[in-house]
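Source file: model25.pdb; contents: PDB, C-alpha atoms.
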```
ATOM      1  CA  MET A 709     120.416  80.663  92.967
ATOM      2  CA  LYS A 710     121.463  79.801  89.411
ATOM      3  CA  LEU A 711     119.094  82.449  87.979
ATOM      4  CA  LYS A 712     120.461  85.084  90.372
ATOM      5  CA  SER A 713     124.033  84.193  89.396
ATOM      6  CA  ASN A 714     123.137  84.393  85.703
ATOM      7  CA  ILE A 715     121.565  87.827  86.221
ATOM      8  CA  TYR A 716     124.772  89.164  87.788
ATOM      9  CA  TRP A 717     126.879  87.930  84.859
ATOM     10  CA  VAL A 718     124.423  89.187  82.240
ATOM     11  CA  PHE A 719     124.240  92.559  84.008
ATOM     12  CA  LEU A 720     128.047  92.884  83.852
ATOM     13  CA  LEU A 721     128.006  91.840  80.192
ATOM     14  CA  VAL A 722     125.458  94.537  79.317
ATOM     15  CA  VAL A 723     127.547  97.126  81.170
ATOM     16  CA  ALA A 724     130.670  96.027  79.255
ATOM     17  CA  VAL A 725     128.951  96.166  75.842
ATOM     18  CA  TRP A 726     127.189  99.467  76.476
ATOM     19  CA  SER A 727     130.416 101.025  77.765
ATOM     20  CA  THR A 728     132.110 100.448  74.410
ATOM     21  CA  THR A 729     129.146 101.118  72.131
ATOM     22  CA  PRO A 730     129.225 104.970  71.877
ATOM     23  CA  LEU A 731     132.885 105.038  70.815
ATOM     24  CA  ALA A 732     132.394 102.097  68.438
ATOM     25  CA  ILE A 733     129.409 103.893  66.851
ATOM     26  CA  GLN A 734     131.540 106.941  66.139
ATOM     27  CA  TRP A 735     134.337 104.788  64.703
ATOM     28  CA  SER A 736     131.836 102.885  62.521
ATOM     29  CA  THR A 737     130.794 106.100  60.754
ATOM     30  CA  LEU A 738     134.356 107.009  59.709
ATOM     31  CA  GLY A 739     134.242 107.445  55.942
ATOM     32  CA  SER A 740     130.598 106.339  55.704
ATOM     33  CA  SER A 741     127.104 107.635  56.363
ATOM     34  CA  PHE A 742     125.374 106.871  59.648
ATOM     35  CA  SER A 743     122.486 105.196  57.769
ATOM     36  CA  PHE A 744     124.847 102.730  56.045
ATOM     37  CA  SER A 745     126.690 101.997  59.305
ATOM     38  CA  VAL A 746     123.589 101.218  61.347
ATOM     39  CA  ALA A 747     121.826  99.312  58.532
ATOM     40  CA  SER A 748     124.850  97.074  57.845
ATOM     41  CA  ARG A 749     125.355  96.478  61.571
ATOM     42  CA  MET A 750     121.764  95.372  62.105
ATOM     43  CA  LEU A 751     121.674  93.249  58.931
ATOM     44  CA  ILE A 752     124.799  91.344  59.998
ATOM     45  CA  GLY A 753     123.316  90.959  63.495
ATOM     46  CA  LEU A 754     120.105  89.505  62.046
ATOM     47  CA  ILE A 755     122.056  86.993  59.937
ATOM     48  CA  ILE A 756     123.984  85.871  63.038
ATOM     49  CA  CYS A 757     120.738  85.434  65.015
ATOM     50  CA  ILE A 758     119.128  83.373  62.247
ATOM     51  CA  LEU A 759     122.228  81.146  62.060
ATOM     52  CA  ILE A 760     122.093  80.593  65.830
ATOM     53  CA  LEU A 761     118.400  79.633  65.604
ATOM     54  CA  LEU A 762     119.199  77.182  62.791
ATOM     55  CA  LEU A 763     122.091  75.649  64.720
ATOM     56  CA  LYS A 764     119.864  75.232  67.784
ATOM     57  CA  GLN A 765     117.032  73.955  65.573
ATOM     58  CA  GLN A 766     114.787  76.451  67.345
ATOM     59  CA  LYS A 767     111.683  77.994  65.809
ATOM     60  CA  LEU A 768     110.565  81.566  66.344
ATOM     61  CA  SER A 769     107.443  81.842  68.511
ATOM     62  CA  LEU A 770     104.607  83.483  66.583
ATOM     63  CA  HIS A 771     101.774  83.767  69.112
ATOM     64  CA  LYS A 772     100.050  87.116  69.671
ATOM     65  CA  GLN A 773     102.099  88.087  72.740
ATOM     66  CA  ALA A 774     105.365  87.227  70.995
ATOM     67  CA  LEU A 775     104.490  89.300  67.920
ATOM     68  CA  ALA A 776     103.659  92.290  70.123
ATOM     69  CA  ASN A 777     106.995  91.794  71.877
ATOM     70  CA  TYR A 778     108.905  91.742  68.568
ATOM     71  CA  SER A 779     107.042  94.794  67.267
ATOM     72  CA  TYR A 780     107.783  96.983  70.274
ATOM     73  CA  ALA A 781     111.388  95.773  70.530
ATOM     74  CA  GLY A 782     111.920  96.314  66.788
ATOM     75  CA  ALA A 783     110.474  99.811  66.925
ATOM     76  CA  GLY A 784     112.706 100.505  69.909
ATOM     77  CA  ILE A 785     115.829  99.389  68.039
ATOM     78  CA  PHE A 786     114.991 101.355  64.887
ATOM     79  CA  ILE A 787     114.032 104.642  66.518
ATOM     80  CA  THR A 788     116.617 104.573  69.315
ATOM     81  CA  MET A 789     119.570 103.498  67.165
ATOM     82  CA  SER A 790     118.708 105.867  64.298
ATOM     83  CA  LEU A 791     118.635 108.805  66.702
ATOM     84  CA  VAL A 792     121.833 107.724  68.492
ATOM     85  CA  TYR A 793     123.772 107.274  65.232
ATOM     86  CA  PHE A 794     122.514 110.647  63.990
ATOM     87  CA  SER A 795     123.483 112.375  67.250
ATOM     88  CA  ALA A 796     126.962 110.761  67.145
ATOM     89  CA  LEU A 797     127.728 112.927  64.103
ATOM     90  CA  SER A 798     127.536 116.129  66.130
ATOM     91  CA  ILE A 799     128.150 115.401  69.826
ATOM     92  CA  PRO A 800     130.910 113.495  71.703
ATOM     93  CA  SER A 801     130.349 109.853  72.667
ATOM     94  CA  GLY A 802     130.784 110.831  76.330
ATOM     95  CA  LEU A 803     127.861 113.230  76.114
ATOM     96  CA  ILE A 804     125.704 110.444  74.667
ATOM     97  CA  SER A 805     126.544 108.407  77.770
ATOM     98  CA  VAL A 806     125.598 111.332  80.015
ATOM     99  CA  VAL A 807     122.158 111.679  78.454
ATOM    100  CA  PHE A 808     121.561 107.928  78.678
ATOM    101  CA  GLY A 809     122.509 108.204  82.345
ATOM    102  CA  LEU A 810     119.095 109.846  82.772
ATOM    103  CA  THR A 811     117.426 106.555  81.800
ATOM    104  CA  PRO A 812     116.701 105.378  85.390
ATOM    105  CA  ILE A 813     114.614 108.474  86.135
ATOM    106  CA  ILE A 814     112.667 108.286  82.861
ATOM    107  CA  THR A 815     112.259 104.524  83.313
ATOM    108  CA  GLY A 816     110.824 105.212  86.760
ATOM    109  CA  VAL A 817     108.249 107.612  85.300
ATOM    110  CA  PHE A 818     107.091 105.045  82.719
ATOM    111  CA  ALA A 819     107.116 102.262  85.352
ATOM    112  CA  LEU A 820     104.921 104.437  87.561
ATOM    113  CA  ILE A 821     102.458 105.014  84.691
ATOM    114  CA  LEU A 822     102.401 101.562  83.043
ATOM    115  CA  LEU A 823     103.280  99.172  85.869
ATOM    116  CA  LYS A 824     102.056 101.190  88.865
ATOM    117  CA  ASP A 825     105.510 100.531  90.272
ATOM    118  CA  LYS A 826     106.454 102.465  93.398
ATOM    119  CA  PHE A 827     109.801 103.756  92.211
ATOM    120  CA  PHE A 828     110.525 107.184  93.625
ATOM    121  CA  SER A 829     111.561 106.501  97.211
ATOM    122  CA  TRP A 830     113.729 109.105  98.885
ATOM    123  CA  ALA A 831     116.814 106.859  98.815
ATOM    124  CA  LYS A 832     116.550 106.056  95.120
ATOM    125  CA  MET A 833     115.899 109.667  94.180
ATOM    126  CA  THR A 834     118.866 110.819  96.284
ATOM    127  CA  GLY A 835     121.131 108.178  94.756
ATOM    128  CA  LEU A 836     120.046 109.015  91.227
ATOM    129  CA  LEU A 837     120.531 112.744  91.725
ATOM    130  CA  LEU A 838     123.995 112.184  93.195
ATOM    131  CA  GLY A 839     124.916 109.846  90.356
ATOM    132  CA  LEU A 840     123.644 112.180  87.657
ATOM    133  CA  SER A 841     125.471 115.105  89.259
ATOM    134  CA  GLY A 842     128.654 113.057  89.078
ATOM    135  CA  LEU A 843     128.037 112.211  85.425
ATOM    136  CA  PHE A 844     127.627 115.839  84.454
ATOM    137  CA  MET A 845     130.773 116.689  86.423
ATOM    138  CA  ILE A 846     132.759 113.987  84.591
ATOM    139  CA  PHE A 847     131.736 115.065  81.102
ATOM    140  CA  SER A 848     131.467 118.815  81.663
ATOM    141  CA  HIS A 849     134.557 119.280  79.479
ATOM    142  CA  SER A 850     132.603 117.819  76.526
ATOM    143  CA  LEU A 851     130.011 120.574  76.558
ATOM    144  CA  VAL A 852     131.460 122.574  73.679
ATOM    145  CA  PHE A 853     128.673 124.707  72.298
ATOM    146  CA  ALA A 854     128.122 124.623  68.521
ATOM    147  CA  ASP A 855     125.262 125.106  66.084
ATOM    148  CA  THR A 856     124.687 121.363  65.806
ATOM    149  CA  LEU A 857     124.875 120.637  69.544
ATOM    150  CA  LEU A 858     121.194 121.341  70.227
ATOM    151  CA  ILE A 859     120.092 119.011  67.402
ATOM    152  CA  GLY A 860     122.393 116.243  68.639
ATOM    153  CA  LEU A 861     121.274 116.665  72.251
ATOM    154  CA  THR A 862     117.603 116.632  71.239
ATOM    155  CA  SER A 863     118.113 113.469  69.166
ATOM    156  CA  VAL A 864     119.899 111.506  71.887
ATOM    157  CA  THR A 865     117.401 112.684  74.525
ATOM    158  CA  LEU A 866     114.524 111.379  72.415
ATOM    159  CA  ALA A 867     116.449 108.116  71.914
ATOM    160  CA  MET A 868     116.958 107.710  75.648
ATOM    161  CA  THR A 869     113.309 108.487  76.421
ATOM    162  CA  PHE A 870     112.013 106.018  73.836
ATOM    163  CA  GLN A 871     114.364 103.272  75.042
ATOM    164  CA  ALA A 872     113.136 103.772  78.603
ATOM    165  CA  PHE A 873     109.527 103.488  77.397
ATOM    166  CA  ILE A 874     110.254 100.318  75.397
ATOM    167  CA  SER A 875     111.998  98.589  78.332
ATOM    168  CA  VAL A 876     108.950  99.169  80.539
ATOM    169  CA  LYS A 877     106.527  98.203  77.758
ATOM    170  CA  LEU A 878     108.346  94.894  77.170
ATOM    171  CA  LYS A 879     108.175  94.230  80.907
ATOM    172  CA  GLN A 880     104.433  94.921  80.789
ATOM    173  CA  ILE A 881     103.899  92.571  77.811
ATOM    174  CA  ASN A 882     105.984  89.890  79.575
ATOM    175  CA  ALA A 883     106.017  87.576  76.552
ATOM    176  CA  LYS A 884     107.066  83.989  77.236
ATOM    177  CA  VAL A 885     109.841  83.971  74.632
ATOM    178  CA  SER A 886     113.615  83.649  74.925
ATOM    179  CA  ALA A 887     116.049  86.552  74.625
ATOM    180  CA  LEU A 888     117.306  85.065  71.335
ATOM    181  CA  GLU A 889     113.769  85.028  69.925
ATOM    182  CA  THR A 890     113.155  88.613  71.038
ATOM    183  CA  THR A 891     116.427  89.777  69.460
ATOM    184  CA  THR A 892     115.763  87.912  66.199
ATOM    185  CA  GLY A 893     112.155  89.077  65.977
ATOM    186  CA  ALA A 894     113.108  92.665  66.798
ATOM    187  CA  LEU A 895     115.826  92.689  64.124
ATOM    188  CA  MET A 896     113.403  91.196  61.579
ATOM    189  CA  ILE A 897     111.140  94.187  62.249
ATOM    190  CA  SER A 898     113.873  96.841  62.354
ATOM    191  CA  VAL A 899     116.290  95.752  59.579
ATOM    192  CA  PRO A 900     113.835  96.474  56.695
ATOM    193  CA  LEU A 901     113.197  99.884  58.255
ATOM    194  CA  PHE A 902     116.942 100.596  58.441
ATOM    195  CA  ILE A 903     117.379  99.545  54.794
ATOM    196  CA  ILE A 904     114.461 101.760  53.679
ATOM    197  CA  SER A 905     115.965 104.645  55.657
ATOM    198  CA  TRP A 906     119.347 104.074  53.956
ATOM    199  CA  LEU A 907     117.681 104.033  50.512
ATOM    200  CA  ILE A 908     115.778 107.251  51.228
ATOM    201  CA  LEU A 909     118.982 108.972  52.356
ATOM    202  CA  GLY A 910     120.780 108.164  49.101
ATOM    203  CA  ALA A 911     121.769 104.482  49.280
ATOM    204  CA  GLU A 912     125.449 105.421  49.483
ATOM    205  CA  ILE A 913     127.971 102.544  49.569
ATOM    206  CA  PRO A 914     131.075 104.238  50.980
ATOM    207  CA  ASP A 915     134.744 103.254  50.952
ATOM    208  CA  THR A 916     134.721 102.155  54.576
ATOM    209  CA  SER A 917     138.029 102.251  56.467
ATOM    210  CA  LEU A 918     139.376  99.175  58.257
ATOM    211  CA  LYS A 919     138.619 100.736  61.637
ATOM    212  CA  ALA A 920     135.040 101.468  60.568
ATOM    213  CA  ALA A 921     134.576  97.952  59.164
ATOM    214  CA  LEU A 922     135.900  96.332  62.345
ATOM    215  CA  SER A 923     133.674  98.610  64.434
ATOM    216  CA  ILE A 924     130.604  97.616  62.404
ATOM    217  CA  GLY A 925     131.518  93.940  62.878
ATOM    218  CA  TYR A 926     132.012  94.438  66.624
ATOM    219  CA  LEU A 927     128.699  96.285  66.944
ATOM    220  CA  ALA A 928     126.900  93.601  64.908
ATOM    221  CA  LEU A 929     128.117  90.713  67.073
ATOM    222  CA  PHE A 930     128.461  92.285  70.514
ATOM    223  CA  GLY A 931     126.178  95.315  70.262
ATOM    224  CA  SER A 932     123.287  93.856  68.264
ATOM    225  CA  VAL A 933     123.355  90.126  69.098
ATOM    226  CA  ILE A 934     125.014  89.614  72.491
ATOM    227  CA  GLY A 935     124.108  93.069  73.803
ATOM    228  CA  PHE A 936     120.438  92.948  72.784
ATOM    229  CA  MET A 937     120.013  89.340  73.965
ATOM    230  CA  SER A 938     121.508  90.222  77.355
ATOM    231  CA  TYR A 939     119.386  93.371  77.606
ATOM    232  CA  TYR A 940     116.140  91.489  76.846
ATOM    233  CA  TYR A 941     117.170  88.767  79.303
ATOM    234  CA  LEU A 942     117.450  91.387  82.062
ATOM    235  CA  ILE A 943     114.068  92.894  81.138
ATOM    236  CA  LYS A 944     112.460  89.458  81.368
ATOM    237  CA  ASN A 945     114.113  88.292  84.593
ATOM    238  CA  THR A 946     114.661  91.461  86.670
ATOM    239  CA  SER A 947     112.829  94.642  87.579
ATOM    240  CA  VAL A 948     112.928  97.770  85.402
ATOM    241  CA  ARG A 949     114.948  99.419  88.181
ATOM    242  CA  VAL A 950     117.842  97.018  87.584
ATOM    243  CA  VAL A 951     117.657  97.546  83.818
ATOM    244  CA  GLY A 952     117.451 101.307  84.268
ATOM    245  CA  ILE A 953     120.589 101.557  86.373
ATOM    246  CA  VAL A 954     122.847 100.120  83.631
ATOM    247  CA  PRO A 955     123.160 103.452  81.734
ATOM    248  CA  LEU A 956     124.148 105.158  84.977
ATOM    249  CA  ILE A 957     127.216 102.923  85.339
ATOM    250  CA  THR A 958     128.420 102.622  81.741
ATOM    251  CA  PRO A 959     129.759 106.185  81.295
ATOM    252  CA  ILE A 960     132.316 105.538  84.033
ATOM    253  CA  PHE A 961     133.768 102.568  82.188
ATOM    254  CA  ALA A 962     133.531 104.443  78.883
ATOM    255  CA  LEU A 963     135.689 107.170  80.398
ATOM    256  CA  ILE A 964     138.254 104.673  81.735
ATOM    257  CA  LEU A 965     138.298 102.917  78.350
ATOM    258  CA  GLY A 966     138.934 106.198  76.541
ATOM    259  CA  SER A 967     141.689 107.047  78.986
ATOM    260  CA  SER A 968     143.498 103.733  78.519
ATOM    261  CA  LEU A 969     143.081 103.405  74.728
ATOM    262  CA  ASN A 970     143.349 107.063  73.714
ATOM    263  CA  HIS A 971     145.776 108.114  76.494
ATOM    264  CA  GLU A 972     143.322 110.665  77.870
ATOM    265  CA  GLN A 973     144.311 112.070  81.257
ATOM    266  CA  LEU A 974     141.772 112.105  84.079
ATOM    267  CA  SER A 975     141.375 115.545  85.668
ATOM    268  CA  ILE A 976     140.619 116.162  89.336
ATOM    269  CA  THR A 977     137.079 117.125  88.314
ATOM    270  CA  GLN A 978     136.574 113.820  86.487
ATOM    271  CA  ILE A 979     137.943 111.778  89.401
ATOM    272  CA  SER A 980     135.622 113.679  91.741
ATOM    273  CA  GLY A 981     132.728 112.929  89.396
ATOM    274  CA  ILE A 982     133.541 109.203  89.372
ATOM    275  CA  SER A 983     133.580 109.186  93.176
ATOM    276  CA  LEU A 984     130.222 110.984  93.264
ATOM    277  CA  VAL A 985     128.672 108.487  90.845
ATOM    278  CA  LEU A 986     129.906 105.512  92.861
ATOM    279  CA  PHE A 987     128.578 107.081  96.065
ATOM    280  CA  GLY A 988     125.246 107.756  94.345
ATOM    281  CA  LEU A 989     125.032 104.140  93.215
ATOM    282  CA  ALA A 990     125.721 102.973  96.769
ATOM    283  CA  VAL A 991     122.919 105.201  98.097
ATOM    284  CA  TYR A 992     120.587 104.032  95.310
ATOM    285  CA  GLU A 993     121.181 100.366  95.956
ATOM    286  CA  TYR A 994     121.809 100.062  99.711
ATOM    287  CA  ALA A 995     120.514 103.122 101.630
ATOM    288  CA  GLU A 996     116.976 101.797 102.211
ATOM    289  CA  LYS A 997     118.253  98.375 103.239
ATOM    290  CA  PHE A 998     120.742  99.988 105.641
ATOM    291  CA  PHE A 999     118.177 102.191 107.387
ATOM    292  CA  LYS A1000     115.748  99.285 107.682
ATOM    293  CA  LYS A1001     118.428  97.367 109.562
ATOM    294  CA  ILE A1002     119.242 100.196 112.006
ATOM    295  CA  PRO A1003     116.736  98.947 114.662
ATOM    296  CA  LEU A1004     118.308  95.485 114.448
ATOM    297  CA  ILE A1005     121.791  96.996 114.791
ATOM    298  CA  LYS A1006     120.674  99.034 117.815
ATOM    299  CA  ARG A1007     119.198  95.969 119.519
ATOM    300  CA  TYR A1008     122.355  93.974 118.796
ATOM    301  CA  LEU A1009     124.605  96.700 120.268
ATOM    302  CA  MET A1010     122.396  97.088 123.359
ATOM    303  CA  ALA A1011     122.469  93.342 123.932
ATOM    304  CA  LEU A1012     126.221  93.286 123.396
ATOM    305  CA  PHE A1013     126.985  96.057 125.896
ATOM    306  CA  SER A1014     124.445  94.880 128.472
ATOM    307  CA  THR A1015     126.257  91.556 128.910
TER
END
```

Whole structure given in structure tokens:
Amino acid sequence: MKLKSNIYWVFLLVVAVWSTTPLAIQWSTLGSSFSFSVASRMLIGLIICILILLLKQQKLSLHKQALANYSYAGAGIFITMSLVYFSALSIPSGLISVVFGLTPIITGVFALILLKDKFFSWAKMTGLLLGLSGLFMIFSHSLVFADTLLIGLTSVTLAMTFQAFISVKLKQINAKVSALETTTGALMISVPLFIISWLILGAEIPDTSLKAALSIGYLALFGSVIGFMSYYYLIKNTSVRVVGIVPLITPIFALILGSSLNHEQLSITQISGISLVLFGLAVYEYAEKFFKKIPLIKRYLMALFST
């Protein structure tokens, strides 16, 4: 029961962090290059993780399974985050959320291939299609065509696909290490790659604005440390279906956050899209369980009215 309760809280925490991440990424690049923003974020995150390990007097596991876990997770962070930061230069944060809303479907494909997981039931497919339709309805106003849009869309689509693959691969490896160890090991792998990338792209040290600096700090602590630890915890303790549904929910909260902080008005189309997403999530999560219980409900009603 305690594990199940922890999973609920961690799930909500991941949703909260991922809902704020796209906007924070855009803010973190104000007055600076995307390579500097992501490299500094990950470096600060790594320092925080090492300090936590030292305070807990905990050593990093170095057995073969753990090293494979760190390598895949580190590659996932480097490739996914590099592509997301690059795409944030040319497409709206809301559109990034839309593309990542496709994660459950792509996760299902990789789960089918790597884990032989029976994922595509009619209820889950119907729920996902309804939810994705709602997402595209919500952010349809963001689809402003420009020369750089195709590049940005391609980048974020590749990021989403690779993240889906990594989440399933980590589930397949199933290393017996803590979420803190996975996060620390992954950052140890990815941070040197981010620094090399920054050096190759010019090693610019920009005059970062206060908003950008605060955004980098927020992303380092909540996005890189707390967010990654929570994400790896879910991968270890739940199914890939649960992990995959997170990106389907987060755009809704990202929209509400933008509306409250930036005074953006919700249109009728956006409200309709939110309703469609929520209905899709309900179908995804509960439709199969409901129809399985129909015979029990019928027997209960027949017994009730026969008395």

Check: Neighbours of Tyr992 (chain A) within 6 Å (all atoms listed in the file; same-chain residues fewer than 3 positions away dropped), as number ranges by chain?
Finding: A: 831-832, 835, 989

Check: A:Leu866, A:Val933, A:Ile760, A:Val876: which is nearest Thr946 (chain A), counting only C-alpha atoms?
Finding: A:Val876

Next item on the list: Name all residues at most 12 Å from region 810-818 of chain A (count only C-alpha atoms; drop same-chain ones fewer than 5 positions away) and give them as number ranges by chain.
Entry: A: 803-805, 823-829, 832-844, 864-880, 943, 947-959, 989, 992

Next item on the list: Apply the PyMOL selection byres ((chain A and resi 798) around 6) to the file shown and report the selected residues as a PyMOL selection string.
Entry: chain A and resi 795-797+799+856+860

Checklist line | Residue neighbourhood Leu751 (chain A), 8 Å, all atoms listed in the file, exclusion window fewer than 2 positions, as a list in words | finding: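 Counting only the stated atoms, we get Ala747, Ser748, Arg749, Gly753, Leu754, Ile755, Leu895, Val899 and Ala928 of chain A.
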
Go ahead and fit an axis-aligned box to every listed atom of region 727-740 of chain A plus 5 Å each side, and pass me the centre and edge lengths in Å, one decimal, as lines of an AutoDock Vina configuration file.
```
center_x = 131.8
center_y = 103.9
center_z = 66.7
size_x = 15.2
size_y = 17.0
size_z = 32.1
```

Check: Could you work out how far CA of Phe742 (chain A) lies from CA of Tyr793 (chain A), giving the answer in Å with one decimal?
Finding: 5.8 Å

Next item on the list: Please measure the separation of CA of Lys884 (chain A) and CA of Ala781 (chain A), giving the value in Å to one decimal.
Entry: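 So the two atoms, CA of Lys884 (chain A) and CA of Ala781 (chain A), lie 14.2 Å apart.
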
Each residue of region 793-905 of chain A with at least one atom at most 12 Å from region 767-774 of chain A should appear once, together with its nearest atom pair and the corresponding distance in Å (one decimal); atoms considered: only C-alpha atoms; ordering: chain, then increasing residue number; output as JSON lines.
```
{"residue": "A:Leu878", "atom": "CA", "partner": "A:Gln773", "partner_atom": "CA", "distance": 10.2}
{"residue": "A:Lys879", "atom": "CA", "partner": "A:Gln773", "partner_atom": "CA", "distance": 11.9}
{"residue": "A:Gln880", "atom": "CA", "partner": "A:Gln773", "partner_atom": "CA", "distance": 10.8}
{"residue": "A:Ile881", "atom": "CA", "partner": "A:Gln773", "partner_atom": "CA", "distance": 7.0}
{"residue": "A:Asn882", "atom": "CA", "partner": "A:Gln773", "partner_atom": "CA", "distance": 8.1}
{"residue": "A:Ala883", "atom": "CA", "partner": "A:Gln773", "partner_atom": "CA", "distance": 5.5}
{"residue": "A:Lys884", "atom": "CA", "partner": "A:Ala774", "partner_atom": "CA", "distance": 7.2}
{"residue": "A:Val885", "atom": "CA", "partner": "A:Ala774", "partner_atom": "CA", "distance": 6.6}
{"residue": "A:Ser886", "atom": "CA", "partner": "A:Ser769", "partner_atom": "CA", "distance": 9.1}
{"residue": "A:Ala887", "atom": "CA", "partner": "A:Leu768", "partner_atom": "CA", "distance": 11.1}
{"residue": "A:Leu888", "atom": "CA", "partner": "A:Leu768", "partner_atom": "CA", "distance": 9.1}
{"residue": "A:Glu889", "atom": "CA", "partner": "A:Leu768", "partner_atom": "CA", "distance": 5.9}
{"residue": "A:Thr890", "atom": "CA", "partner": "A:Ala774", "partner_atom": "CA", "distance": 7.9}
{"residue": "A:Thr891", "atom": "CA", "partner": "A:Leu768", "partner_atom": "CA", "distance": 10.6}
{"residue": "A:Thr892", "atom": "CA", "partner": "A:Leu768", "partner_atom": "CA", "distance": 8.2}
{"residue": "A:Gly893", "atom": "CA", "partner": "A:Leu768", "partner_atom": "CA", "distance": 7.7}
{"residue": "A:Ala894", "atom": "CA", "partner": "A:Ala774", "partner_atom": "CA", "distance": 10.4}
{"residue": "A:Met896", "atom": "CA", "partner": "A:Leu768", "partner_atom": "CA", "distance": 11.1}
```

Next item on the list: Could you jot down the CA of Ile752 (chain A) to CA of Asn777 (chain A) separation for me, Å, one decimal place?
Entry: 21.4 Å

Next item on the list: Name the residues captured by the PyMOL selection byres ((chain A and resi 925) around 10) when it is applied to the shown file; answer as an MDAnalysis selection string.
Entry: chainID A and resid 732 736 748:750 752:753 919:924 926:932

So that I can check the surroundings of Ile904 (chain A), please list as a compact mmCIF listing (two decimals) with C-alpha atoms, keeping the file's coordinate frame every protein, DNA and RNA residue that reaches within 12 Å of it, counting only C-alpha atoms and ignoring chain neighbours fewer than 5 positions away.
```txt
# COMPACT_ATOMS: atom_id res chain seq x y z
CA SER A 743 122.49 105.20 57.77
CA PHE A 744 124.85 102.73 56.04
CA VAL A 746 123.59 101.22 61.35
CA ALA A 747 121.83 99.31 58.53
CA PHE A 786 114.99 101.36 64.89
CA ILE A 897 111.14 94.19 62.25
CA SER A 898 113.87 96.84 62.35
CA VAL A 899 116.29 95.75 59.58
CA LEU A 909 118.98 108.97 52.36
CA GLY A 910 120.78 108.16 49.10
CA ALA A 911 121.77 104.48 49.28
```

Item checked: 6 Å contact set for region 719-724 of chain A, all atoms listed in the file, chain neighbours under 3 positions out, as a PyMOL selection string -> chain A and resi 715-716+727+935+958

Notebook entry, point to check: Pick from A:Ile960, A:Tyr940, A:Trp735, A:Ser967: nearest to Tyr778 (chain A), with only C-alpha atoms counted?
Noted result: A:Tyr940

Next item on the list: For each of A:Leu861, A:Ala995, A:Ile733, A:Leu918, take the minimum atom-to-atom distance to Met789 (chain A), counting all atoms listed in the file, then give the residue where this is smallest.
Entry: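 When distances to Met789 (chain A) are compared using all atoms listed in the file, the smallest one comes from A:Ile733.
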
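Nearest residue to Cys757 (chain A), choosing from A:Ile934, A:Ile979, A:Leu942, A:Val725 and counting all atoms listed in the file: A:Ile934.
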
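Here the question is which of A:Ser863, A:Ser938, A:Gln766, A:Ser779 gets nearest to Phe808 (chain A) using all atoms listed in the file, and that residue is A:Ser863.
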